Every structure is written in C-alpha cells, then in structure tokens.
$ cat input-v5.cif   # mmCIF, C-alpha atoms
data_query
loop_
_atom_site.group_PDB
_atom_site.id
_atom_site.type_symbol
_atom_site.label_atom_id
_atom_site.label_comp_id
_atom_site.auth_asym_id
_atom_site.auth_seq_id
_atom_site.Cartn_x
_atom_site.Cartn_y
_atom_site.Cartn_z
ATOM 1 C CA MET A 1 -123.866 59.302 141.169
ATOM 2 C CA ALA A 2 -121.445 59.317 144.111
ATOM 3 C CA TYR A 3 -119.709 56.042 144.943
ATOM 4 C CA THR A 4 -119.001 55.116 148.555
ATOM 5 C CA ILE A 5 -116.949 52.001 149.179
ATOM 6 C CA ASP A 6 -116.845 50.045 152.446
ATOM 7 C CA ILE A 7 -113.474 49.548 154.114
ATOM 8 C CA TYR A 8 -112.947 46.060 155.556
ATOM 9 C CA ASP A 9 -110.568 44.896 158.242
ATOM 10 C CA LYS A 10 -108.678 41.627 157.853
ATOM 11 C CA SER A 11 -111.438 39.708 159.638
ATOM 12 C CA GLY A 12 -114.004 40.760 157.018
ATOM 13 C CA LYS A 13 -115.874 43.361 159.077
ATOM 14 C CA VAL A 14 -116.806 46.780 157.690
ATOM 15 C CA VAL A 15 -115.030 49.366 159.846
ATOM 16 C CA SER A 16 -115.622 52.546 157.823
ATOM 17 C CA ASN A 17 -116.218 53.759 154.284
ATOM 18 C CA PHE A 18 -114.556 55.948 151.697
ATOM 19 C CA ALA A 19 -116.302 58.307 149.290
ATOM 20 C CA LEU A 20 -114.892 58.832 145.814
ATOM 21 C CA ASP A 21 -114.718 62.471 144.765
ATOM 22 C CA GLU A 22 -117.770 63.200 142.567
ATOM 23 C CA THR A 23 -115.778 65.700 140.519
ATOM 24 C CA LEU A 24 -113.364 62.931 139.486
ATOM 25 C CA PHE A 25 -115.371 59.717 139.610
ATOM 26 C CA ALA A 26 -118.805 59.999 138.032
ATOM 27 C CA ASP A 27 -120.641 58.136 135.290
ATOM 28 C CA SER A 28 -120.833 61.316 133.210
ATOM 29 C CA LEU A 29 -117.031 61.660 133.300
ATOM 30 C CA VAL A 30 -116.252 58.187 131.986
ATOM 31 C CA ASN A 31 -114.345 58.504 128.715
ATOM 32 C CA LYS A 32 -113.976 55.147 126.974
ATOM 33 C CA ASP A 33 -112.058 56.679 124.067
ATOM 34 C CA LEU A 34 -109.311 57.814 126.442
ATOM 35 C CA ILE A 35 -109.279 54.391 128.104
ATOM 36 C CA HIS A 36 -108.702 52.809 124.714
ATOM 37 C CA GLU A 37 -106.013 55.349 123.811
ATOM 38 C CA TYR A 38 -104.163 54.822 127.106
ATOM 39 C CA TYR A 39 -104.323 51.033 126.720
ATOM 40 C CA LEU A 40 -102.874 51.232 123.200
ATOM 41 C CA LEU A 41 -100.135 53.536 124.494
ATOM 42 C CA GLN A 42 -99.203 51.042 127.200
ATOM 43 C CA MET A 43 -99.115 48.110 124.789
ATOM 44 C CA SER A 44 -97.143 50.037 122.139
ATOM 45 C CA ASN A 45 -94.565 51.341 124.605
ATOM 46 C CA ALA A 46 -94.042 47.837 125.983
ATOM 47 C CA ARG A 47 -93.470 46.423 122.510
ATOM 48 C CA HIS A 48 -90.068 44.860 121.833
ATOM 49 C CA ASN A 49 -89.008 45.731 118.322
ATOM 50 C CA ILE A 50 -87.085 42.620 117.270
ATOM 51 C CA ALA A 51 -88.379 41.931 113.732
ATOM 52 C CA CYS A 52 -85.638 42.469 111.169
ATOM 53 C CA VAL A 53 -85.491 41.084 107.617
ATOM 54 C CA LYS A 54 -82.673 40.929 105.077
ATOM 55 C CA TRP A 55 -82.818 43.068 102.016
ATOM 56 C CA ARG A 56 -81.649 41.928 98.595
ATOM 57 C CA TRP A 57 -77.972 42.750 99.038
ATOM 58 C CA GLU A 58 -77.798 41.078 102.473
ATOM 59 C CA VAL A 59 -79.010 37.634 101.398
ATOM 60 C CA HIS A 60 -76.208 35.112 100.971
ATOM 61 C CA GLY A 61 -75.984 33.978 97.331
ATOM 62 C CA SER A 62 -74.427 34.568 93.950
ATOM 63 C CA GLY A 63 -75.261 37.634 91.902
ATOM 64 C CA ARG A 64 -74.994 35.682 88.657
ATOM 65 C CA LYS A 65 -77.865 35.878 86.191
ATOM 66 C CA LEU A 66 -79.799 32.622 86.477
ATOM 67 C CA TYR A 67 -80.299 32.041 82.750
ATOM 68 C CA LYS A 68 -80.198 33.945 79.516
ATOM 69 C CA GLN A 69 -82.377 36.958 78.910
ATOM 70 C CA LYS A 70 -84.180 35.798 75.770
ATOM 71 C CA GLY A 71 -85.312 32.633 74.070
ATOM 72 C CA THR A 72 -86.693 30.704 77.085
ATOM 73 C CA GLY A 73 -90.289 31.940 76.913
ATOM 74 C CA GLY A 74 -90.125 32.890 80.594
ATOM 75 C CA ALA A 75 -89.763 36.160 82.413
ATOM 76 C CA ARG A 76 -86.510 38.045 82.364
ATOM 77 C CA PRO A 77 -84.410 36.605 85.201
ATOM 78 C CA GLY A 78 -82.377 38.344 87.829
ATOM 79 C CA ASP A 79 -80.136 36.744 90.447
ATOM 80 C CA LYS A 80 -81.337 34.319 93.101
ATOM 81 C CA ASN A 81 -81.461 37.081 95.725
ATOM 82 C CA SER A 82 -84.302 38.867 93.948
ATOM 83 C CA PRO A 83 -87.277 39.657 96.227
ATOM 84 C CA VAL A 84 -89.625 37.922 93.765
ATOM 85 C CA ARG A 85 -87.880 34.573 94.273
ATOM 86 C CA ARG A 86 -88.123 32.136 97.143
ATOM 87 C CA TRP A 87 -85.332 32.611 99.704
ATOM 88 C CA GLY A 88 -84.605 35.997 98.193
ATOM 89 C CA GLY A 89 -84.509 39.306 100.011
ATOM 90 C CA VAL A 90 -87.582 41.073 101.397
ATOM 91 C CA THR A 91 -88.701 44.412 100.026
ATOM 92 C CA PHE A 92 -89.623 47.136 102.518
ATOM 93 C CA GLY A 93 -89.691 44.713 105.467
ATOM 94 C CA PRO A 94 -89.107 45.675 109.118
ATOM 95 C CA ARG A 95 -85.525 46.543 110.002
ATOM 96 C CA GLY A 96 -85.700 46.693 113.785
ATOM 97 C CA VAL A 97 -85.464 50.484 113.829
ATOM 98 C CA GLU A 98 -89.191 51.292 113.710
ATOM 99 C CA ASN A 99 -90.430 53.461 116.575
ATOM 100 C CA TYR A 100 -93.776 52.350 118.031
ATOM 101 C CA THR A 101 -93.684 54.713 121.011
ATOM 102 C CA LYS A 102 -96.856 56.680 121.685
ATOM 103 C CA SER A 103 -97.421 59.673 123.941
ATOM 104 C CA MET A 104 -100.373 61.015 125.891
ATOM 105 C CA ASN A 105 -100.615 64.020 128.162
ATOM 106 C CA LYS A 106 -100.808 63.581 131.930
ATOM 107 C CA LYS A 107 -104.331 64.993 132.267
ATOM 108 C CA ALA A 108 -105.742 62.578 129.677
ATOM 109 C CA ARG A 109 -104.042 59.621 131.382
ATOM 110 C CA LYS A 110 -105.553 60.645 134.712
ATOM 111 C CA ILE A 111 -109.041 60.878 133.190
ATOM 112 C CA ALA A 112 -108.606 57.423 131.645
ATOM 113 C CA LEU A 113 -107.571 55.851 134.972
ATOM 114 C CA ASN A 114 -110.405 57.617 136.807
ATOM 115 C CA SER A 115 -112.824 56.307 134.191
ATOM 116 C CA ILE A 116 -111.713 52.717 134.729
ATOM 117 C CA ILE A 117 -111.933 53.065 138.510
ATOM 118 C CA THR A 118 -115.438 54.530 138.141
ATOM 119 C CA LEU A 119 -116.498 51.555 136.006
ATOM 120 C CA LYS A 120 -114.985 49.195 138.567
ATOM 121 C CA ALA A 121 -116.895 50.917 141.371
ATOM 122 C CA LYS A 122 -120.122 50.731 139.367
ATOM 123 C CA ALA A 123 -119.608 47.008 138.782
ATOM 124 C CA GLY A 124 -118.852 46.359 142.457
ATOM 125 C CA GLU A 125 -115.284 45.321 141.659
ATOM 126 C CA LEU A 126 -113.578 47.916 143.850
ATOM 127 C CA MET A 127 -112.722 47.136 147.487
ATOM 128 C CA TRP A 128 -110.818 48.764 150.343
ATOM 129 C CA LEU A 129 -108.833 46.973 153.037
ATOM 130 C CA LYS A 130 -107.849 48.640 156.293
ATOM 131 C CA ASP A 131 -104.080 48.863 156.693
ATOM 132 C CA ILE A 132 -102.733 45.586 157.993
ATOM 133 C CA THR A 133 -99.556 44.649 159.842
ATOM 134 C CA LEU A 134 -97.962 41.238 159.451
ATOM 135 C CA THR A 135 -95.150 40.375 161.838
ATOM 136 C CA ALA A 136 -93.680 37.917 159.342
ATOM 137 C CA PRO A 137 -94.363 36.777 155.769
ATOM 138 C CA LYS A 138 -97.214 34.266 155.934
ATOM 139 C CA THR A 139 -98.997 33.277 152.733
ATOM 140 C CA LYS A 140 -101.593 31.362 154.726
ATOM 141 C CA GLU A 141 -102.550 34.529 156.605
ATOM 142 C CA ALA A 142 -102.815 36.482 153.339
ATOM 143 C CA GLN A 143 -105.069 33.784 151.907
ATOM 144 C CA GLU A 144 -107.232 33.945 155.024
ATOM 145 C CA ILE A 145 -107.645 37.729 154.669
ATOM 146 C CA LEU A 146 -108.875 37.359 151.082
ATOM 147 C CA LYS A 147 -111.181 34.564 152.154
ATOM 148 C CA ASN A 148 -112.705 36.740 154.875
ATOM 149 C CA ILE A 149 -113.622 39.430 152.353
ATOM 150 C CA TRP A 150 -114.923 36.848 149.841
ATOM 151 C CA ILE A 151 -112.388 37.324 147.044
ATOM 152 C CA ALA A 152 -110.070 34.347 147.630
ATOM 153 C CA THR A 153 -111.054 32.718 144.323
ATOM 154 C CA LYS A 154 -110.929 35.874 142.167
ATOM 155 C CA LYS A 155 -108.136 37.567 140.269
ATOM 156 C CA VAL A 156 -107.086 40.394 142.577
ATOM 157 C CA LEU A 157 -104.998 43.492 141.934
ATOM 158 C CA PHE A 158 -103.650 44.469 145.354
ATOM 159 C CA VAL A 159 -102.773 48.185 145.431
ATOM 160 C CA ILE A 160 -100.342 49.377 148.107
ATOM 161 C CA SER A 161 -98.932 52.787 148.984
ATOM 162 C CA GLN A 162 -95.448 51.828 150.149
ATOM 163 C CA LYS A 163 -93.186 48.813 150.226
ATOM 164 C CA ASP A 164 -93.738 46.389 153.076
ATOM 165 C CA ASP A 165 -91.731 43.172 152.782
ATOM 166 C CA SER A 166 -93.988 41.171 155.083
ATOM 167 C CA ILE A 167 -97.106 42.082 153.091
ATOM 168 C CA LEU A 168 -95.473 41.639 149.694
ATOM 169 C CA LYS A 169 -93.932 38.270 150.537
ATOM 170 C CA SER A 170 -97.234 37.086 151.999
ATOM 171 C CA PHE A 171 -99.321 37.949 148.933
ATOM 172 C CA ARG A 172 -96.882 37.330 146.077
ATOM 173 C CA ASN A 173 -97.171 33.532 146.308
ATOM 174 C CA LEU A 174 -100.924 33.613 145.749
ATOM 175 C CA PRO A 175 -101.436 32.610 142.103
ATOM 176 C CA LYS A 176 -104.314 34.987 141.331
ATOM 177 C CA VAL A 177 -102.958 38.043 143.140
ATOM 178 C CA LYS A 178 -100.696 40.788 141.827
ATOM 179 C CA TYR A 179 -99.503 43.630 144.026
ATOM 180 C CA LEU A 180 -98.913 47.068 142.549
ATOM 181 C CA HIS A 181 -97.761 50.399 143.923
ATOM 182 C CA ALA A 182 -100.465 53.079 143.695
ATOM 183 C CA ASP A 183 -98.196 55.320 141.608
ATOM 184 C CA TYR A 184 -98.020 52.622 138.908
ATOM 185 C CA LEU A 185 -101.716 52.079 138.257
ATOM 186 C CA ASN A 186 -102.259 51.300 134.601
ATOM 187 C CA PRO A 187 -105.217 50.382 132.363
ATOM 188 C CA ALA A 188 -104.030 46.887 131.480
ATOM 189 C CA ASP A 189 -103.831 45.691 135.094
ATOM 190 C CA LEU A 190 -107.001 47.496 136.166
ATOM 191 C CA MET A 191 -108.996 45.866 133.372
ATOM 192 C CA TRP A 192 -107.402 42.422 133.564
ATOM 193 C CA TYR A 193 -108.015 41.760 137.261
ATOM 194 C CA HIS A 194 -111.572 41.083 138.387
ATOM 195 C CA THR A 195 -111.239 42.849 141.751
ATOM 196 C CA VAL A 196 -109.087 45.854 142.641
ATOM 197 C CA LEU A 197 -108.226 45.866 146.347
ATOM 198 C CA PHE A 198 -106.791 49.097 147.764
ATOM 199 C CA LEU A 199 -105.032 49.299 151.098
ATOM 200 C CA GLU A 200 -106.482 52.193 153.093
ATOM 201 C CA SER A 201 -103.160 54.063 152.985
ATOM 202 C CA ALA A 202 -103.261 53.986 149.174
ATOM 203 C CA LEU A 203 -106.610 55.772 148.963
ATOM 204 C CA ALA A 204 -105.004 59.218 149.213
ATOM 205 C CA THR A 205 -103.734 58.826 145.651
ATOM 206 C CA LEU A 206 -107.258 58.476 144.235
ATOM 207 C CA ASN A 207 -108.853 61.829 145.000
ATOM 208 C CA ILE A 208 -105.877 63.852 143.756
ATOM 209 C CA LYS A 209 -106.875 66.093 140.856
#
$ encode --input "input-v5.cif" --output "structure tokens"
Amino acid sequence: MAYTIDIYDKSGKVVSNFALDETLFADSLVNKDLIHEYYLLQMSNARHNIACVKWRWEVHGSGRKLYKQKGTGGARPGDKNSPVRRWGGVTFGPRGVENYTKSMNKKARKIALNSIITLKAKAGELMWLKDITLTAPKTKEAQEILKNIWIATKKVLFVISQKDDSILKSFRNLPKVKYLHADYLNPADLMWYHTVLFLESALATLNIK
C-alpha cells in the first residue's frame, strides 16, 4: 500500500501532498525485529557506566582473623572484609569498565527507521507542514500553527532540515514539542512522540535509499 500524506500550511489548509516511496515504505517491508534491535542499540550506547563496587582488598578494615579456627562450633572465619560478610567486599561486581556499546550496520538502521515511519503513516500519526518563515521568535504563533492543524494537545516531534533560530525559539518553549534535525531521526523519539511533524524541506531525507 502506498502512503500519501497531505501537506498543510500554517493556517491549516491542505496545499499539496507527498507520496512515500513504495520501495522503502510499505507494510510488507516493516521489520519489527530491526526496530527492536535499533532501539536497544540506542539505549545501550546512551548508557552511563557508573556502577563500581569494591573488591575484598579495597574495603577498609583489618585483615585479622575474627576468631579462632576451631572449637566454636561455627564456620571457619576469615577477616571482616570477606565477601560472605556484611560490609565486606563484593565478588565479581561491576567495576565501571564494562562496555555496553552495540553496533548495527547502516542499511539495517535505515530499514528500522523506515519501518517506524511506515507504521506512523499507517496509524495516521505522520504529518507534513509547508515551510514556514517567522520574522521573530513567537511561541504564541507556534502554538497557533499547531492548533490550526489539530495537534496542539499532542506530543509532537518536529522534524526540521536546517537550523532556523526563529523557528527553534518559537517551538522550544512548547512543553509537548521537541524539535529534531532530520539527520538525527532515531527510534526512541519516533516511538515516544504521538505525532511526527515534518517540515516540507525535510521530506527530501525520507525517500533516500
């Protein structure tokens, strides 16, 4: 099935439409396994490895034997830093040097992103906005644009093609809106936000094979 999305102007009128390439965006090409793999890669690579425990010889304490070896009826004692005792060292715990980085080839990442965009289009959560020009940063005007296209109350991922200070400063104060450069599309943001709103100038990045 081919998906054609209407392009709105800032007043909420449909001025044209954009057709997604059938060879890239089709129900038969959706690969949920790759979506899952790409999401795990993003989460793993963003992980801050800060967990670090002390081993037996790093715990502060005496190395003296706690009590005599025999005659107490209890287990043979070691020092207070033993891993089997409270406040002792930790055996085989994290040391802050573990590597959680994952990798994934470029073609697989592209298929995963195309799959998410296809699912968004199928669910009616993909929208286009004709390129806009704001003479000065005005959050009220940005809010009005979203209201005109009926997404003012939704979580919106606003995808742009190039930096424009007036646009960015107008939309960044809206609590449910996040702007993102088209080159930095990622599975976490695409799945988290209810509506993905592309500026018309950012559409050229979609149909690239």
$ atom_distance --input "input-v5.cif" --atom1 "atom CA of A:Thr23" --atom2 "atom CA of A:Asn207"
9.1 Å
$ resolve_selection --input "input-v5.cif" --expression "the PyMOL selection byres ((chain A and resi 121-127) around 6)" --output "JSON list (two decimals) with C-alpha atoms, in the coordinates of the input"
[["chain", "number", "residue", "atom", "x", "y", "z"],
["A", 118, "THR", "CA", -115.44, 54.53, 138.14],
["A", 119, "LEU", "CA", -116.50, 51.56, 136.01],
["A", 120, "LYS", "CA", -114.98, 49.20, 138.57],
["A", 128, "TRP", "CA", -110.82, 48.76, 150.34],
["A", 195, "THR", "CA", -111.24, 42.85, 141.75],
["A", 196, "VAL", "CA", -109.09, 45.85, 142.64],
["A", 197, "LEU", "CA", -108.23, 45.87, 146.35]]
$ atom_distance --input "input-v5.cif" --atom1 "atom CA of A:Phe18" --atom2 "atom CA of A:Tyr184"
21.2 Å
$ resolve_selection --input "input-v5.cif" --expression "the PyMOL selection byres ((chain A and resi 44) around 12)" --output "list of chain:residue names"
A:Glu37, A:Tyr38, A:Tyr39, A:Leu40, A:Leu41, A:Gln42, A:Met43, A:Asn45, A:Ala46, A:Arg47, A:His48, A:Asn49, A:Glu98, A:Asn99, A:Tyr100, A:Thr101, A:Lys102, A:Ser103
$ atom_distance --input "input-v5.cif" --atom1 "atom CA of A:Asn31" --atom2 "atom CA of A:Trp192"
18.2 Å
$ residues_around --input "input-v5.cif" --residues "A:Phe92" --least-positions-apart "3" --cutoff "10 Å" --atoms "all atoms listed in the file" --output "list in words"
Val53, Lys54, Trp55, Gly89 and Arg95 of chain A
$ decode --input "input-v5.cif" --residues "stretch 146-186 of chain A" --atoms "N, CA and C atoms" --output "PDB file, in the first residue's frame"
ATOM      1  N   LEU A 146       0.166  24.865  15.451  1.00  0.00           N
ATOM      2  CA  LEU A 146      -0.196  23.505  15.875  1.00  0.00           C
ATOM      3  C   LEU A 146      -1.700  23.380  16.105  1.00  0.00           C
ATOM      4  N   LYS A 147      -2.289  24.445  16.596  1.00  0.00           N
ATOM      5  CA  LYS A 147      -3.736  24.426  16.822  1.00  0.00           C
ATOM      6  C   LYS A 147      -4.488  24.338  15.500  1.00  0.00           C
ATOM      7  N   ASN A 148      -3.992  25.018  14.487  1.00  0.00           N
ATOM      8  CA  ASN A 148      -4.655  25.022  13.180  1.00  0.00           C
ATOM      9  C   ASN A 148      -4.621  23.649  12.504  1.00  0.00           C
ATOM     10  N   ILE A 149      -3.599  22.860  12.819  1.00  0.00           N
ATOM     11  CA  ILE A 149      -3.533  21.522  12.218  1.00  0.00           C
ATOM     12  C   ILE A 149      -3.925  20.439  13.241  1.00  0.00           C
ATOM     13  N   TRP A 150      -4.586  20.863  14.299  1.00  0.00           N
ATOM     14  CA  TRP A 150      -5.246  19.967  15.270  1.00  0.00           C
ATOM     15  C   TRP A 150      -4.294  19.063  16.055  1.00  0.00           C
ATOM     16  N   ILE A 151      -3.111  19.539  16.356  1.00  0.00           N
ATOM     17  CA  ILE A 151      -2.193  18.708  17.161  1.00  0.00           C
ATOM     18  C   ILE A 151      -1.629  19.490  18.349  1.00  0.00           C
ATOM     19  N   ALA A 152      -2.296  20.559  18.745  1.00  0.00           N
ATOM     20  CA  ALA A 152      -1.795  21.423  19.815  1.00  0.00           C
ATOM     21  C   ALA A 152      -1.718  20.707  21.162  1.00  0.00           C
ATOM     22  N   THR A 153      -2.558  19.685  21.358  1.00  0.00           N
ATOM     23  CA  THR A 153      -2.592  18.999  22.652  1.00  0.00           C
ATOM     24  C   THR A 153      -1.809  17.682  22.652  1.00  0.00           C
ATOM     25  N   LYS A 154      -1.164  17.354  21.532  1.00  0.00           N
ATOM     26  CA  LYS A 154      -0.458  16.078  21.413  1.00  0.00           C
ATOM     27  C   LYS A 154       1.049  16.256  21.578  1.00  0.00           C
ATOM     28  N   LYS A 155       1.715  15.151  21.880  1.00  0.00           N
ATOM     29  CA  LYS A 155       3.171  15.164  21.924  1.00  0.00           C
ATOM     30  C   LYS A 155       3.689  15.129  20.487  1.00  0.00           C
ATOM     31  N   VAL A 156       4.448  16.163  20.121  1.00  0.00           N
ATOM     32  CA  VAL A 156       4.839  16.343  18.723  1.00  0.00           C
ATOM     33  C   VAL A 156       6.356  16.321  18.578  1.00  0.00           C
ATOM     34  N   LEU A 157       6.833  15.512  17.630  1.00  0.00           N
ATOM     35  CA  LEU A 157       8.235  15.542  17.239  1.00  0.00           C
ATOM     36  C   LEU A 157       8.317  16.373  15.960  1.00  0.00           C
ATOM     37  N   PHE A 158       8.943  17.525  16.053  1.00  0.00           N
ATOM     38  CA  PHE A 158       9.001  18.483  14.952  1.00  0.00           C
ATOM     39  C   PHE A 158      10.332  18.302  14.215  1.00  0.00           C
ATOM     40  N   VAL A 159      10.279  17.796  12.994  1.00  0.00           N
ATOM     41  CA  VAL A 159      11.492  17.455  12.246  1.00  0.00           C
ATOM     42  C   VAL A 159      11.812  18.565  11.251  1.00  0.00           C
ATOM     43  N   ILE A 160      13.030  19.111  11.369  1.00  0.00           N
ATOM     44  CA  ILE A 160      13.459  20.212  10.507  1.00  0.00           C
ATOM     45  C   ILE A 160      14.657  19.775   9.675  1.00  0.00           C
ATOM     46  N   SER A 161      14.946  20.538   8.626  1.00  0.00           N
ATOM     47  CA  SER A 161      16.057  20.184   7.745  1.00  0.00           C
ATOM     48  C   SER A 161      17.304  21.010   8.024  1.00  0.00           C
ATOM     49  N   GLN A 162      17.126  22.222   8.532  1.00  0.00           N
ATOM     50  CA  GLN A 162      18.260  23.082   8.825  1.00  0.00           C
ATOM     51  C   GLN A 162      17.903  24.008   9.978  1.00  0.00           C
ATOM     52  N   LYS A 163      18.931  24.545  10.600  1.00  0.00           N
ATOM     53  CA  LYS A 163      18.718  25.382  11.776  1.00  0.00           C
ATOM     54  C   LYS A 163      18.101  26.716  11.397  1.00  0.00           C
ATOM     55  N   ASP A 164      17.055  27.078  12.103  1.00  0.00           N
ATOM     56  CA  ASP A 164      16.401  28.368  11.936  1.00  0.00           C
ATOM     57  C   ASP A 164      16.058  28.868  13.333  1.00  0.00           C
ATOM     58  N   ASP A 165      16.789  29.887  13.795  1.00  0.00           N
ATOM     59  CA  ASP A 165      16.638  30.338  15.181  1.00  0.00           C
ATOM     60  C   ASP A 165      15.224  30.793  15.504  1.00  0.00           C
ATOM     61  N   SER A 166      14.573  31.460  14.565  1.00  0.00           N
ATOM     62  CA  SER A 166      13.218  31.940  14.837  1.00  0.00           C
ATOM     63  C   SER A 166      12.251  30.784  15.049  1.00  0.00           C
ATOM     64  N   ILE A 167      12.378  29.738  14.221  1.00  0.00           N
ATOM     65  CA  ILE A 167      11.504  28.571  14.357  1.00  0.00           C
ATOM     66  C   ILE A 167      11.822  27.805  15.633  1.00  0.00           C
ATOM     67  N   LEU A 168      13.113  27.580  15.881  1.00  0.00           N
ATOM     68  CA  LEU A 168      13.503  26.793  17.048  1.00  0.00           C
ATOM     69  C   LEU A 168      13.105  27.484  18.342  1.00  0.00           C
ATOM     70  N   LYS A 169      13.328  28.785  18.426  1.00  0.00           N
ATOM     71  CA  LYS A 169      12.997  29.515  19.649  1.00  0.00           C
ATOM     72  C   LYS A 169      11.490  29.650  19.834  1.00  0.00           C
ATOM     73  N   SER A 170      10.748  29.566  18.743  1.00  0.00           N
ATOM     74  CA  SER A 170       9.286  29.647  18.840  1.00  0.00           C
ATOM     75  C   SER A 170       8.685  28.342  19.352  1.00  0.00           C
ATOM     76  N   PHE A 171       9.259  27.216  18.935  1.00  0.00           N
ATOM     77  CA  PHE A 171       8.683  25.913  19.283  1.00  0.00           C
ATOM     78  C   PHE A 171       9.288  25.290  20.540  1.00  0.00           C
ATOM     79  N   ARG A 172      10.485  25.697  20.933  1.00  0.00           N
ATOM     80  CA  ARG A 172      11.147  25.003  22.036  1.00  0.00           C
ATOM     81  C   ARG A 172      10.491  25.236  23.392  1.00  0.00           C
ATOM     82  N   ASN A 173       9.699  26.310  23.526  1.00  0.00           N
ATOM     83  CA  ASN A 173       9.041  26.577  24.801  1.00  0.00           C
ATOM     84  C   ASN A 173       7.720  25.831  24.958  1.00  0.00           C
ATOM     85  N   LEU A 174       7.281  25.171  23.895  1.00  0.00           N
ATOM     86  CA  LEU A 174       6.044  24.390  23.996  1.00  0.00           C
ATOM     87  C   LEU A 174       6.347  23.085  24.715  1.00  0.00           C
ATOM     88  N   PRO A 175       5.656  22.783  25.804  1.00  0.00           N
ATOM     89  CA  PRO A 175       6.026  21.660  26.663  1.00  0.00           C
ATOM     90  C   PRO A 175       5.948  20.278  26.024  1.00  0.00           C
ATOM     91  N   LYS A 176       5.104  20.102  25.018  1.00  0.00           N
ATOM     92  CA  LYS A 176       4.914  18.783  24.425  1.00  0.00           C
ATOM     93  C   LYS A 176       5.586  18.648  23.062  1.00  0.00           C
ATOM     94  N   VAL A 177       6.446  19.614  22.729  1.00  0.00           N
ATOM     95  CA  VAL A 177       7.071  19.614  21.408  1.00  0.00           C
ATOM     96  C   VAL A 177       8.587  19.479  21.541  1.00  0.00           C
ATOM     97  N   LYS A 178       9.147  18.615  20.711  1.00  0.00           N
ATOM     98  CA  LYS A 178      10.609  18.501  20.621  1.00  0.00           C
ATOM     99  C   LYS A 178      10.997  18.648  19.156  1.00  0.00           C
ATOM    100  N   TYR A 179      11.973  19.511  18.888  1.00  0.00           N
ATOM    101  CA  TYR A 179      12.432  19.653  17.509  1.00  0.00           C
ATOM    102  C   TYR A 179      13.685  18.810  17.307  1.00  0.00           C
ATOM    103  N   LEU A 180      13.830  18.287  16.099  1.00  0.00           N
ATOM    104  CA  LEU A 180      14.927  17.370  15.802  1.00  0.00           C
ATOM    105  C   LEU A 180      15.344  17.546  14.354  1.00  0.00           C
ATOM    106  N   HIS A 181      16.652  17.569  14.122  1.00  0.00           N
ATOM    107  CA  HIS A 181      17.148  17.652  12.753  1.00  0.00           C
ATOM    108  C   HIS A 181      16.895  16.318  12.056  1.00  0.00           C
ATOM    109  N   ALA A 182      16.556  16.371  10.769  1.00  0.00           N
ATOM    110  CA  ALA A 182      16.194  15.165  10.025  1.00  0.00           C
ATOM    111  C   ALA A 182      17.317  14.125  10.013  1.00  0.00           C
ATOM    112  N   ASP A 183      18.561  14.572  10.084  1.00  0.00           N
ATOM    113  CA  ASP A 183      19.687  13.642  10.064  1.00  0.00           C
ATOM    114  C   ASP A 183      19.816  12.861  11.376  1.00  0.00           C
ATOM    115  N   TYR A 184      19.086  13.288  12.414  1.00  0.00           N
ATOM    116  CA  TYR A 184      19.214  12.657  13.725  1.00  0.00           C
ATOM    117  C   TYR A 184      17.947  11.905  14.133  1.00  0.00           C
ATOM    118  N   LEU A 185      17.166  11.492  13.158  1.00  0.00           N
ATOM    119  CA  LEU A 185      15.992  10.674  13.476  1.00  0.00           C
ATOM    120  C   LEU A 185      16.429   9.402  14.175  1.00  0.00           C
ATOM    121  N   ASN A 186      15.697   9.011  15.186  1.00  0.00           N
ATOM    122  CA  ASN A 186      16.055   7.832  15.965  1.00  0.00           C
ATOM    123  C   ASN A 186      14.795   7.130  16.441  1.00  0.00           C
TER     124      ASN A 186
END
